[in-house]
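Visitor: Attaching a single structure in structure tokens format; questions to follow.
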Amino acid sequence: MAFPVSRRPLLAAAGASLFARPVLAQGARRIVTANNSPYDTLDPHTVFDIGRIATRLNMYDCLVRWVDNPPKLVMWLAEKVDISPDGLVYTFKLRPGALFHDGSPITAEDVVFSMERILEIKKGGYALFKGVIDPGRTKAIDAATVQFTLNAPFAVFLSVLAELWIVNSKLVRANDKSADLGAAWLTKNEAGSGGFKLRRYDPAVGFQADRFAQHVMGWGPAPVEQIEFRSILETTGRVLGMLKGDFQCTDGYLPLDQIKQLREGPNIRIDEAESIRTMYFILHNARAPLNDVNLRKALSYAFDYAAFNEQILGGTVARNPGIIPNTLWGAPKDLKGYSYDLAKAKEHLAMVKGPMRPLTVGVLAGFGQSEQAAILLQNGAAKVGIELKLISEPWSVIQNKYNDPDRTHDIIPLWRSAYFADPHNWTGVIYNSRNIGSGNASYFRNARFDELTDKALLITDQEARRPLYEEASRILVEEAAGIYVYNTKWFGPFTKNVQGVRFCPIGDAQDMRWMSVG
């Protein structure tokens with residue numbers, strides 16, 4: 001991790017819409033983004049994904065923030081942190097002059113309220129803090145000083161604080177209904193301090209926000225004055241809108257044929273960057289018949305990795321045999337993973353003990369690669385006698401189901417994006433059994449895996465942590481806990497008048513504060 005951490009003291013600084021077109025001054029700068037996820041809620045503590053991260057990145061702030069590529073963790077609302085020698089107590093001094101959008105100052109009480117709210121509602125980024133810090137152990141020492149006391153040393157605590165979005169506690173409390181901690185109100189309103197202040201929101205359309213001129217981190221020359229994020233599920237709709245000039249940018253993980261089409265547009269450029277985002281299939285390890293490792297192995301051998309990575313995606317991705325990106329430390333360099341081998345698939349299928357049934361595959365609507373991967377797996381599975389039923393749903397619908405073992409699909413082709421640049425993001429968060437119901441959507445249980453990933457969080461030395469994650473990765477492959485496909489590159493389409501894009505794998509360049517329009 002690029003965050004310069006030391007013990008006492010530490011200081012690191014960061015330097016065609018359904019909406020009515022807003023009235024802006026002549027020459028005002030505005031960027032419209034077409035995204036492939038619905039914005040069904042604005043509550044920063046109930047969602048934890050990249051598809052809807054634009055609301056969090058642009059309207060809220062955290063104590064720390066990930067920027068650039070490779071991602072670096074920098075101080076944001078905090079100006080310094082002091083870490084106790086035993087790694088249990090983190091004391092942050094807030095940056096002076098930081099304001100919420102209503103003009104009120106950000107205080108340590110707001111940080112305390114935000115952490116307590118996450119721990120209470122048990123949604124969104126809750127899995128990052130579950131068991132790490134208990135309710136009541138975040139304290140306001142004074143108005144500008146907040147202190148976290150952990151249950152045990154936690155090597156990635158600074159990293160995961162980038163998901164502790166700070167809300168205006170007084171405003172949220174004023175809108176509390178029936179002790180819901182402002183949940184109903186925050187669904188459609190915001191209580192943040194980020195670079196942009198909400199102007200208008202429609203869950204069926206998206207949101208508009210205006211630049212918050214008083215933002216504590218200041219602004220560069222000619223910043224964007226207004227942003228708009230629209231939900232356009234159909235890939236062709238996003239691409240055609242870019243070509244027509246209706247949108248200034250869209251998601252950076254389009255199918256290859258759509259990227260080629262955009263490259264031909266005279267006013268469009270494609271920014272490219274290495275990313276840390278692995279594609280895989282969630283497999284429901286606890287539900288029959290997928291609770292049989294031989295069926296999971298049969299499916300792993302039934303997927304044609306080369307056809308998908310080299311033919312369908314044109315070699316724009318790299319085969320990733322495990323869940324941790326190959327480019328990140330902790331990924332075993334000798335990990336072979338599975339290959340397309342129907343004979344081995346049949347061999348393992350013959351060893352499945354329980355009765356078979358059709359398996360449901362939850363396909364992410366608006367994500368072309370999710371559909372293509374599902375169809376390819378369906379074809380391979382059919383050749384060995386496994387029936388898959390594809391069900392296309394928006395990401396928000398699929399995510400709302402996947403922490404419920406009874407409602408979630410058997411299989412979901414999707415991506416594990418970077419929420420923080422540490423192997424724990426790809427291992428312990430989504431496979432440790434303590435996170436079942438709050439991150440572990442595979443319902444995977446393995447005592448040795450839990451031991452390894454728990455131990456890795458008690459150690460701060462990267463070289464000592466590395467072999468723990470390497471062994472954990474091998475366990476996931478041996479148990480066929482998921483079907484692991486590739487690590488990706490980002491191809492970000494922008495109109496040529498958009499400047500200042502700073503791609504970061506944590507957020508996929510949806511942080512608009514850096515951009516300007518020429």
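Quick note on naming: the chains in the structure tokens go A, B, ... in the order shown, residues restart at 1 in each chain, and ligands are numbered from 1 in order of appearance.
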Just the residues within 10 Å of Ile375 (chain A), please, counting only C-alpha atoms, with nothing from its chain fewer than 5 positions along; format it as an MDAnalysis selection string.
Guide: chainID A and resid 303 361 363 369:370 380:381 388:390
Visitor: Select from region 142-295 of chain A everything DSSP, run on the backbone, classes as strand (DSSP E), then give the selection as a ChimeraX atom specification.
Guide: /A:142,145-149,196-202,206-211,226-231,249-250,268-283
Visitor: Given only C-alpha atoms as the basis, pick out the residue of A:Ala34, A:Ile430, A:Leu77, A:Val67 nearest to Cys249 (chain A).
Guide: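 The closest residue to Cys249 (chain A) is A:Ala34.
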Visitor: Set the distance at 7 Å and use only C-alpha atoms: which residues neighbour Asp110 (chain A) once local chain neighbours fewer than 3 positions away are removed? I'd like the list as a list in words.
Guide: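 Non-adjacent residues within range: Ile106, Thr107, Phe113, Ser114, Ile166, Val167, Asn168 and Ser169 of chain A.
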Visitor: Counting only C-alpha atoms, which residues of region 152-236 of chain A sit at most 12 Å from some atom of region 452-456 of chain A, and what is each one's closest atom pair with its distance in Å to one decimal, listed by chain and rising residue number, as JSON lines?
Guide:
{"residue": "A:Ala152", "atom": "CA", "partner": "A:Asp454", "partner_atom": "CA", "distance": 10.6}
{"residue": "A:Pro153", "atom": "CA", "partner": "A:Lys455", "partner_atom": "CA", "distance": 10.1}
{"residue": "A:Phe154", "atom": "CA", "partner": "A:Ala456", "partner_atom": "CA", "distance": 8.7}
{"residue": "A:Ala155", "atom": "CA", "partner": "A:Ala456", "partner_atom": "CA", "distance": 7.6}
{"residue": "A:Val156", "atom": "CA", "partner": "A:Ala456", "partner_atom": "CA", "distance": 9.7}
Visitor: Go ahead and save the picked residues with C-alpha atoms, as a short mmCIF file (atom, residue, chain, number, x, y, z; two decimals), in the first residue's frame.
Guide:
data_model
loop_
_atom_site.label_atom_id
_atom_site.label_comp_id
_atom_site.auth_asym_id
_atom_site.auth_seq_id
_atom_site.Cartn_x
_atom_site.Cartn_y
_atom_site.Cartn_z
CA ALA A 152 -7.45 -6.53 17.87
CA PRO A 153 -4.75 -5.28 15.50
CA PHE A 154 -6.21 -5.00 11.98
CA ALA A 155 -3.61 -4.54 9.25
CA VAL A 156 -5.96 -2.88 6.77
#
Visitor: For Glu478 (chain A), find every residue with an atom within 12 Å (counting only C-alpha atoms), except residues of its own chain fewer than 4 positions away, and show them as a ChimeraX atom specification.
Guide: /A:293-294,296-297,300,321-322,335-338,446,449,471-474,482-484
